[in-house]
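The next block holds one structure in the form of structure tokens; read it before the comments.
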Protein chains: 2
Amino acid sequence: MAFPLLFLLFCTFCSSPSAIYSTFIPYNTSASVVSGKINVHFVPHSHDDVGWLKTVDQYYFGGNNSIRGACVQNVLDSVMSSLFEDKNRKFIYVEMAFFQRWWRQQSSGMKERVKGLVNSGQLEFINGGMCMHDEATPHYIDLIDQTTLGHKFIKDEFGQIPRVGWQIDPFGHSAVQAYLLGAEFGFDSLFFARIDYQDRAKRLQDKTLEVVWRGSQSLGSTSQIFTGIFPRHYDPPDGFTFEINDVSPPIQDDVLLFDYNVQERVSDFVAAALAQANVTRTNHIMWLMGTDFRYQYANSWYRQMDKFIHYVNQDGRVNVLYSTPSMYTDAKHAANEEWPLKTGDFFPYADHQNAYWTGYFTSRPAFKGFVRTMSGYYLAARQLEFFRGRSGVASKLGVLADALAIAQHHDAVSGTQRQHVAADYALRISIGYKECPLLNISYCPPTESISSDEQSLVVVAYNPLGWKREEVIRIPVSSENVEVRDSNGIQIESQLVPLLNATSRVRTIYAKAYTGHFPSEMPKYWLAFSASLPPLGFNTYFVSVANQTGSSSILSLVHTAENTKARTVEVGPGNLKLRFSVDSGELTHFINGRSLVATSVEQSYGYYTGNDGTNKDPQASGAYVFRPNGTFTVKNLGQVPSTFLRGPLLDEVHQQLNPWISQIGPIPLDDGTGKEITTQIKTTMKTNKTFYTDSNGRDFIKRVRDQRTDWDLEVNQPVAGNYYPVNLGIYVEDDTTELSVLVDRSVGGSSLVDGQIELMLHRRMLHDDMRGVGEVLNEIVCVLDECEGLTKLLNGFVYILLQIVGKMFLRVDQLGEGAKWRRTVGQEIYSPVLVAFTKQQDASKWMESHVNSFSGVDPSYSLPNNVAVITLQELKVGEVLLRLAHLYEIGEDKDYSGMARVELKMLFPNKKIGKVTELSLSANQKRSELEKRRLVWKVAAKEEESKVVRGGAVDPDNLVVELAPMEIRTFFLNFDSPQIYVS
Amino acid sequence: MAFPLLFLLFCTFCSSPSAIYSTFIPYNTSASVVSGKINVHFVPHSHDDVGWLKTVDQYYFGGNNSIRGACVQNVLDSVMSSLFEDKNRKFIYVEMAFFQRWWRQQSSGMKERVKGLVNSGQLEFINGGMCMHDEATPHYIDLIDQTTLGHKFIKDEFGQIPRVGWQIDPFGHSAVQAYLLGAEFGFDSLFFARIDYQDRAKRLQDKTLEVVWRGSQSLGSTSQIFTGIFPRHYDPPDGFTFEINDVSPPIQDDVLLFDYNVQERVSDFVAAALAQANVTRTNHIMWLMGTDFRYQYANSWYRQMDKFIHYVNQDGRVNVLYSTPSMYTDAKHAANEEWPLKTGDFFPYADHQNAYWTGYFTSRPAFKGFVRTMSGYYLAARQLEFFRGRSGVASKLGVLADALAIAQHHDAVSGTQRQHVAADYALRISIGYKECPLLNISYCPPTESISSDEQSLVVVAYNPLGWKREEVIRIPVSSENVEVRDSNGIQIESQLVPLLNATSRVRTIYAKAYTGHFPSEMPKYWLAFSASLPPLGFNTYFVSVANQTGSSSILSLVHTAENTKARTVEVGPGNLKLRFSVDSGELTHFINGRSLVATSVEQSYGYYTGNDGTNKDPQASGAYVFRPNGTFTVKNLGQVPSTFLRGPLLDEVHQQLNPWISQIGPIPLDDGTGKEITTQIKTTMKTNKTFYTDSNGRDFIKRVRDQRTDWDLEVNQPVAGNYYPVNLGIYVEDDTTELSVLVDRSVGGSSLVDGQIELMLHRRMLHDDMRGVGEVLNEIVCVLDECEGLTKLLNGFVYILLQIVGKMFLRVDQLGEGAKWRRTVGQEIYSPVLVAFTKQQDASKWMESHVNSFSGVDPSYSLPNNVAVITLQELKVGEVLLRLAHLYEIGEDKDYSGMARVELKMLFPNKKIGKVTELSLSANQKRSELEKRRLVWKVAAKEEESKVVRGGAVDPDNLVVELAPMEIRTFFLNFDSPQIYVS
């Protein structure tokens, strides 16, 4: 007899899953490389901009989230938790500015645990500078410094040496990045995402996304680096992003829940892996598991990666493992493949036919100038700190060092950040800069009031270069009755140059904006005098009210078209003259008396109206992108009134070209168009489409208009697509002549017509270019409640030796002579004479109580003309970091492109040099160990390289450093008994 | 002799912060209550809807994030990490459906660590049901069951007993929630956010947001609960939300970073605390640190809370501490305050003058019906599982139990979820329901094909009630030549009722939609016969082809207006008759022969056009909100053709009121208006604005049109603002008569005119009502590629005893007689006879081999008419959970509102009852311990309560359970020697 109901009524439950009380799955995440299979290297990473839409600190602590939700503290906190949970998980970290902030906040216990992660390789630092620097607009010295700072932190705290360059986001890639900031750091590889879209298409086709890159013609294979370009961008394949709230389907592998999808997701994975393997050499592909500011909750990524490793490897079609770019590099190296050779660089970058990222070469020129100025200042300050001796006190340069370091970020000096972030970078650099911050814009209270009382002004001028230097120094003064004496009390020649209206106006506005008050007294003149300065040394000068009428400064002669009969006027010092037409005010000739060249040279200004993105392609010109609206438009400037100021020390030409161009700004927007202001230098030279621009202020790279070396260029933007970054200078040459222009900050430049050089000076836009910044590049300065576009004084050119802001330096040389000028003047531009002031009742008392003249080097010595001290820094008492840079490339100059020699004993005349250790460029390892460790790559080169010579080992007895062309050598010096120079 | 440069050149760095190498701050988070200060109780919580915009599983594992980023797994993973990090941190968790999913996936090691958190009080379970259930639309038995399930999990895994009710999101709050699902669980407090905006305004003013609530008139102070209503919502004060990417300013307390803001944030905190203290009694205020699906990365919250506790307490103006609602409750209790008394409930809920959340009382009526049907089924299934005995095998009811539990969620049975989520709930309930799932829509293959072969259909009918029961059973058949025999083989009377067109059409469409094919054969009739069933027992019937012509079922007589001469027709069983006008088809009178009442009753249909939100207040009618467009609109239906079917067992009236109203659907939207379909029952009774609606199917609560008990109502929505939830029924009364309507699922109802009852039957909208669901409530069924609005058959009324879907039950009684009908029929509606089928070649063989008739109780016994077995469940062999419910309130019925008695020995005639332990309602603690533990609150009541009587202790010898009115008692029974009933 059976009870009938159970079957009948309960049949509805028969197919229910039976009770399972645990669905715990121990994922097997221990995979390593499997030969013979496609190996997918999971590289968990977070790309953390050191400032962009928000300031670096706001990004760090999650402030200002209404602009963008991002908090690096979350990233680092949560990543560490996830790494602690499974020893197979890995993570890379890149930006030391953020990591330092986090590190300082940790308990000692946490620090110990994190050190364990680093030691085991779970957490790896790559790149390792304070930021992921820009490659177009910074100076190479800044890049070395910012990386050294980060590498030092990593070495000091973790004993680690980064092996990989990781420039995944910068908008184009420089030759200097490859060899100097890559190979010379000891990096075994360099990775990035952004290259020209046409270049990428070809490389995908040819499987040439991974190459060996020789960035330097001079150093060749001794400074090459394995370089990987990502197939798309630096994020995961579509459908594999796992930030909180991301929409990629997570693996659902709990059999008790709905939407179980393991097989489906594994198949998605295999398909994506095979697609990538199809454009990649060897069996190894990298998946970038992360992107901007991801891993705010790291577990959401690791949970999925754990599952993929578990299930995909169970499936077996491909192999996937937790990895790092180092492990990936080693796997590539182990494959023993011959790699294609890459030379030159990856500029300019376009991600679309109308989107050439060549606008940012110039964006925010004032900020770019400020960074460059402070860079030179920082170099000199370290020298001075060393000469003075710190007596065991901590260096006071840390804040400036940090500020300059993050200013090299690819959204900092690049000018592609939001306005408030630009202000934040500037503020950081300015902190502490209280005494004379406005000298830069012709405002300096202590000097102006010198005429109103009986005091003397003490002027100390320091020369950070290793050569003796004569330079004209200019100080604004209010009186014409002043005189200048040297440190022996001897009066020297001086000249008064009247301040003209445009300069005064700018000065007034900016003084108010920065100091909060208008200057009480208007200076009327620049007081100019010639200072004579020893290498790495200073002299003191005294400015006071002239005792007798005859002793005072000489007033400049003023010529205008009205008061001058001659139809041309020549101005300029010594052999160099510029000839102007008095009637038109136009520059007509450059006369280089020494080389007997009188070249026809015309200079003009123009502007492009930025494309507003309203035509069928909505790409506008913006902070990143330069997209001129159709054809090139030059404003016809017509005749201009000119003023010529002449005197014993210097001549000046002032031109009011039109109401706003005289100072390039404020750029008017009233006509509804953004404007990108340019200047053109025109000659009749036959330059055959060819011009040369520097790479981060160092090597010059040949550019050919409308051509690329790596592929047949389809020309869509004949202007923007021929722009290149200019940090040091740009030049053209023909059979007889070189025309060079040097700059005091980075700008974009080109040669769009044979014989011509064009530079973009300033940009003021009306549209965002849709690359993320989400704000229009429209810099303004506000005084009271009125704002106007940021003014950039541009009265440049070599004939005005000491203009305060915005300088360009023009030179015409006989063919073969230009390099000497470019390299020497270039170094002087980077390291101007530093001038400091104090007031004294009695000049003689000062003279008696102070060192009035000083040189750091032996009085009989100065550095060779082809060498610069780019770092001289006391690390601690008796320990010094010294970097010496050869300034010339191979073949660049008949005199200076050979091996240079520096005598350390003469460089440190008062020190007993105990031990000299050569280091890697970022000073985090011995050079000898670097060379031992470095991976050697096989290159599929078409022709054999001629032998590269580098400087030899330093003999411990004679202590002479050899430097081959373009070589930079870094030394750690021990002084046996530290000597305090002045007690 | 001094070296001059340092001062001059380095003055710029003098004001730099000196080097600080650690900014680690050990936050002091150990605060506890400080007397004499405002104490801010931080209550970290995440409100995790068990399905809403996404399905419960999608919410759990983070699937379908394109709809909404939410992943409860993140919440639980990250919260545990944060709790492990600091023992002072606390968290509450509420929804066991999610917690179970997470718990099952954890390793045993993690489980141990989490148990540590629970034991130490860092992690506290509150509420503790599987979900935070709705309070308007579920049946109280479902609510007890879903909470019992969650509480059992908590007890089994953690040994914990939740102390706090936490209904923070449901849209109004029921009396049953307060006393039954609060006090009777042993909760010491209940908290929620949503009450009428007018009510809140008054309570803020009066400081009466915290009260003691007596939800039951019958149980009074024996079932009261301290209740806290939040001042605003269940999220933190503005500016204190700290989910990743939230925009509240985090505390920045690193002196090396910019934007240091400790003082500012502390002051913000103090201001917000004082503002809240100003509307709160005692020194304790609660801050709800979290909201929907927050804590996906818990650390982002705890990091900030740590800092606030540290710095605010340093500041000292107020005190802030990590807390839980339990700690808060204890602090409130310790204050020894007298609290205001609250009776009744918090319906309806309006958050705005035009936003009465009374639409969801009816939204998704088909799903509401499905849930109710399966609820009754589940109750019966547990009984049967017990009677059959599981022989130690795990219960197979777990899946249905879980599915029904989450269906009680406040976005599930409420009908306020997205369409795909509603489908998910239904699918879960349907899993395993494979044999006859379509009986519900008149499709059941085994029964229909009975006429086509020689088999017998075996029909087993089970009665889950404790009373004997006679009921008409209907089965669709295709032939008219059938007969029915009882379990003794005796032929019984049966009737064939023709299937009319509307029913057939629905059947065809739905069969295709759910089974994928159209039914092969169309049934032509319902075969009806009367089954006689013992208490908690079954009988077996056999349907077969009639042997002789005379023996077959009797065909119903069909009357239409055309073929009938009489101008009225009366239909109905026994004493009850409905009188219709044949000409108009309208119901005119209800005749209750027993009480000699012939009441004029008219029934009609109408609809409201939902407000589309295009006028000045953009509030539309939607899933939650009922906002009729201006005044009430009744579609004048005109004359209708009617069909009357009559026979020996039942009569039916079919009315084709208009092309779509006959079945209430598909509701047409062609005219561009959403429609909310209603029916009105009109009488001439003088009901003085007063009507009664049940609370979750249990207590009836008096409602007065346009009035509230707690404040002077400003009437803005005279229709929507008078709607109340109806689960069991609604009634009105005057001096002589009661008019009652019972329902088979929850609906919204009111009495908008004296003597009238209105119920909302269905809703189909064209607009979202902007309460988050973000989808228009517009249910459709798709067959092939054609979709139409979900049809809800509504052929209701008592005169059609067994319609398949959508029933209402109408009754007119003499005053004082209605309760008996409502309570008895209400129980029968909840627990219909369960019918199961199988086919047999030979009926007699089945009879010989099976138990054909069975009752679980002693043959001489049935339960008293005022008691129901609401739970009879075998926990394991020999252990049973028994819940007995008194069905009447105090004073409700002259016969049945007294103490009831149940003889356990008669209820379990074949068991030897060893031990009877009374438990709390959710069966997680002994009732005696609950009473000991329970906090006693002082109440500021205006009048003294009359003494409340409850059932006494169960004498272990006679084992009689006493039940006072509305009392539900829960027992754990041990049977000394388990007896398998049938071997």
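Ordering of the structure tokens sets the chain letters (A, B, ...); residue numbers start at 1 within each chain; ligands are numbered from 1 in the order shown.
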Residues of region 55-89 of chain B classed as alpha helix (DSSP H) by DSSP on the backbone are to be reported as a PyMOL selection string.
chain B and resi 56-61+72-85
7 Å contact set for region 614-628 of chain A, only C-alpha atoms, chain neighbours under 2 positions out, as a short mmCIF file (atom, residue, chain, number, x, y, z; two decimals) with C-alpha atoms, in the first residue's frame:
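Dumped to around.cif:
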data_model
loop_
_atom_site.label_atom_id
_atom_site.label_comp_id
_atom_site.auth_asym_id
_atom_site.auth_seq_id
_atom_site.Cartn_x
_atom_site.Cartn_y
_atom_site.Cartn_z
CA ASN A 354 42.02 65.23 -38.50
CA ALA A 355 43.35 64.81 -35.01
CA TYR A 356 47.05 65.59 -34.84
CA TRP A 357 48.08 66.03 -31.23
CA THR A 358 50.43 68.88 -32.05
CA GLY A 359 48.58 71.66 -30.31
CA TYR A 360 49.83 70.71 -26.87
CA SER A 363 49.41 74.90 -25.03
CA GLY A 415 49.37 72.09 -20.95
CA THR A 416 46.54 69.58 -21.25
CA TYR A 608 45.32 79.94 -37.38
CA THR A 609 41.68 80.00 -36.51
CA GLY A 610 41.06 76.79 -34.63
CA ASN A 611 38.57 74.49 -36.25
CA ASP A 612 35.38 74.64 -34.22
CA GLY A 630 41.06 74.76 -43.54
CA ALA A 720 49.21 70.19 -38.14
CA MET A 765 40.55 78.28 -27.97
CA HIS A 767 36.19 74.53 -28.00
CA ASP A 768 37.22 71.38 -26.24
CA ASP A 769 38.86 68.82 -28.49
CA VAL A 776 38.27 74.88 -23.21
CA LEU A 777 41.88 76.00 -23.27
#
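Across the model, the gap from CA of Val118 (chain A) to CA of Val880 (chain A) is 28.5 Å.
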Residues of region 12-205 of chain B in strand (DSSP E or B), written as a ChimeraX atom specification
/B:39-44,47,91-93,123-125,133,164-166,173,189-192
Could you dump the residues just selected with C-alpha atoms as an mmCIF file, in the first residue's frame?
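The new file part_6.cif reads:
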data_model
loop_
_atom_site.group_PDB
_atom_site.id
_atom_site.type_symbol
_atom_site.label_atom_id
_atom_site.label_comp_id
_atom_site.auth_asym_id
_atom_site.auth_seq_id
_atom_site.Cartn_x
_atom_site.Cartn_y
_atom_site.Cartn_z
ATOM 1 C CA ASN B 39 25.888 60.938 20.805
ATOM 2 C CA VAL B 40 25.948 60.321 17.080
ATOM 3 C CA HIS B 41 25.552 56.615 16.397
ATOM 4 C CA PHE B 42 27.222 55.752 13.120
ATOM 5 C CA VAL B 43 25.300 52.816 11.686
ATOM 6 C CA PRO B 44 27.172 51.519 8.648
ATOM 7 C CA HIS B 47 20.439 48.536 1.644
ATOM 8 C CA PHE B 91 28.314 46.762 10.247
ATOM 9 C CA ILE B 92 24.783 45.485 10.107
ATOM 10 C CA TYR B 93 23.467 43.099 7.559
ATOM 11 C CA LEU B 123 28.822 42.279 12.414
ATOM 12 C CA GLU B 124 25.211 42.209 13.492
ATOM 13 C CA PHE B 125 22.285 40.702 11.652
ATOM 14 C CA HIS B 133 9.673 42.384 2.777
ATOM 15 C CA VAL B 164 15.880 44.811 15.524
ATOM 16 C CA GLY B 165 13.300 45.250 12.810
ATOM 17 C CA TRP B 166 14.717 47.185 9.898
ATOM 18 C CA HIS B 173 4.167 50.241 7.207
ATOM 19 C CA SER B 189 12.796 47.996 18.061
ATOM 20 C CA LEU B 190 11.741 48.686 14.523
ATOM 21 C CA PHE B 191 13.135 51.338 12.227
ATOM 22 C CA PHE B 192 12.096 52.735 8.902
#
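When the distance limit is 8 Å and only C-alpha atoms are what count, the residues near Arg579 (chain B), minus those fewer than 2 positions from it on the same chain, are Thr568, Val569, Glu570, Val571, Lys577, Ser581, Leu587, Thr588, His589, Phe590 and Ile591 of chain B.
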Export C-alpha atoms of the chosen residues as a PDB file, in the first residue's frame?
ATOM      1  CA  THR B 568     -34.514  38.683 -14.311  1.00  0.00           C
ATOM      2  CA  VAL B 569     -32.540  35.606 -13.540  1.00  0.00           C
ATOM      3  CA  GLU B 570     -31.273  34.352 -10.191  1.00  0.00           C
ATOM      4  CA  VAL B 571     -28.171  32.281  -9.996  1.00  0.00           C
ATOM      5  CA  LYS B 577     -28.574  34.124  -4.942  1.00  0.00           C
ATOM      6  CA  SER B 581     -31.429  41.968 -15.092  1.00  0.00           C
ATOM      7  CA  LEU B 587     -26.317  42.517 -11.205  1.00  0.00           C
ATOM      8  CA  THR B 588     -29.089  44.101  -9.186  1.00  0.00           C
ATOM      9  CA  HIS B 589     -29.430  42.213  -5.921  1.00  0.00           C
ATOM     10  CA  PHE B 590     -27.590  39.953  -3.555  1.00  0.00           C
ATOM     11  CA  ILE B 591     -29.925  37.577  -1.763  1.00  0.00           C
TER      12      ILE B 591
END
Can you pull out every residue within 7 Å of Leu815 (chain B), counting only C-alpha atoms, but drop anything in the same chain fewer than 2 positions away, and send it as a CSV table (one decimal) with N, CA, C and O atoms, in the first residue's frame?
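Below is the file that was written, out.csv:
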chain,number,residue,atom,x,y,z
B,733,GLU,N,-20.0,48.7,6.6
B,733,GLU,CA,-21.2,48.2,7.4
B,733,GLU,C,-22.0,49.4,7.7
B,733,GLU,O,-21.5,50.6,7.8
B,735,ASP,N,-26.1,50.2,9.9
B,735,ASP,CA,-26.8,49.7,11.1
B,735,ASP,C,-27.3,48.3,11.0
B,735,ASP,O,-27.5,47.7,12.1
B,736,THR,N,-27.4,47.8,9.8
B,736,THR,CA,-28.0,46.5,9.7
B,736,THR,C,-27.2,45.5,8.9
B,736,THR,O,-27.4,44.3,9.1
B,737,THR,N,-26.3,46.0,8.1
B,737,THR,CA,-25.8,45.1,7.1
B,737,THR,C,-24.3,45.3,7.0
B,737,THR,O,-23.7,46.3,7.3
B,738,GLU,N,-23.6,44.2,6.6
B,738,GLU,CA,-22.2,44.3,6.2
B,738,GLU,C,-22.1,43.9,4.7
B,738,GLU,O,-22.6,42.9,4.3
B,813,ASP,N,-24.0,40.4,4.5
B,813,ASP,CA,-24.5,39.7,5.7
B,813,ASP,C,-25.2,40.7,6.6
B,813,ASP,O,-25.0,41.9,6.5
B,817,GLU,N,-22.5,39.4,11.3
B,817,GLU,CA,-22.4,38.0,10.8
B,817,GLU,C,-21.2,37.9,9.8
B,817,GLU,O,-20.8,36.8,9.4
B,818,GLY,N,-20.7,39.0,9.4
B,818,GLY,CA,-19.7,39.1,8.3
B,818,GLY,C,-18.4,38.4,8.6
B,818,GLY,O,-17.8,37.8,7.8
Spatial neighbours of Phe84 (chain B), max dist 12 Å, only C-alpha atoms, sep filter under 2 positions, as a VMD selection string:
(chain A and resid 81) or (chain B and resid 77 to 82 86 to 91 110 113 to 118 120 122 to 123 298 to 299 302)
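Using only C-alpha atoms, the residues found no farther than 10 Å from Glu892 (chain B), other than those of its own chain fewer than 2 positions away, are Ser218, Asp699, Phe700, Gly816, Glu817, Gly818, Ala819, Lys820, Leu887, Tyr888, Glu889, Ile890, Lys894, Asp895, Tyr896, Ser897, Gly898 and Pro965 of chain B.
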With only C-alpha atoms as the basis for distance, which of A:Thr23, A:Ser740, A:Gln707, A:Thr137 is at the shortest distance from chain B?
A:Thr23
Using only C-alpha atoms, what table do you get, as CSV, when you list each residue of region 174-253 of chain B with an atom no more than 6 Å from region 330-344 of chain B, its nearest pair of atoms, and their distance in Å rounded to one decimal, rows by chain then rising number?
residue,atom,partner,partner_atom,distance
B:Ala175,CA,B:Gly344,CA,5.8
B:Val211,CA,B:Pro340,CA,4.9
B:Val212,CA,B:Leu341,CA,5.0
B:Trp213,CA,B:Lys342,CA,4.5
B:Arg214,CA,B:Thr343,CA,5.1
B:Gly215,CA,B:Thr343,CA,5.6
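Here the question is which of A:Pro162, A:Gly398, A:Pro725, A:Gly239 gets nearest to chain B using only C-alpha atoms, and that residue is A:Gly398.
Distances from A:Ala366, A:Leu645, A:Val458, A:Val421 to Leu496 (chain A) were compared using only C-alpha atoms, and the smallest one belongs to A:Leu645.
Interatomic distance, CA of His352 (chain B) to CA of Met770 (chain B): 12.3 Å.
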For region 223-236 of chain A, please output as a PyMOL selection string all residues within 8 Å (counting only C-alpha atoms; exclusion window: fewer than 6 positions along the same chain).
chain A and resi 168-169+178-180+182-184+187-195+200+204+209-216+276+279+287-291+937
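Proximity of B:Glu264, B:Asp292, B:Glu562, B:Glu848 to chain A, computed with only C-alpha atoms, is greatest for B:Glu848.
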Of the candidates A:Ala31, A:Ile244, A:Val857, A:Ala350, which shows the shortest atom-to-atom distance to chain B, using only C-alpha atoms?
A:Ile244
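Shortest separation to chain B among A:Ile913, A:Ile829, A:Val867, A:Ala70 occurs at residue A:Ala70, atoms counted being only C-alpha atoms.
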What does the distance between CA of Leu149 (chain A) and CA of Leu742 (chain A) come to in Å, to one decimal place?
28.6 Å
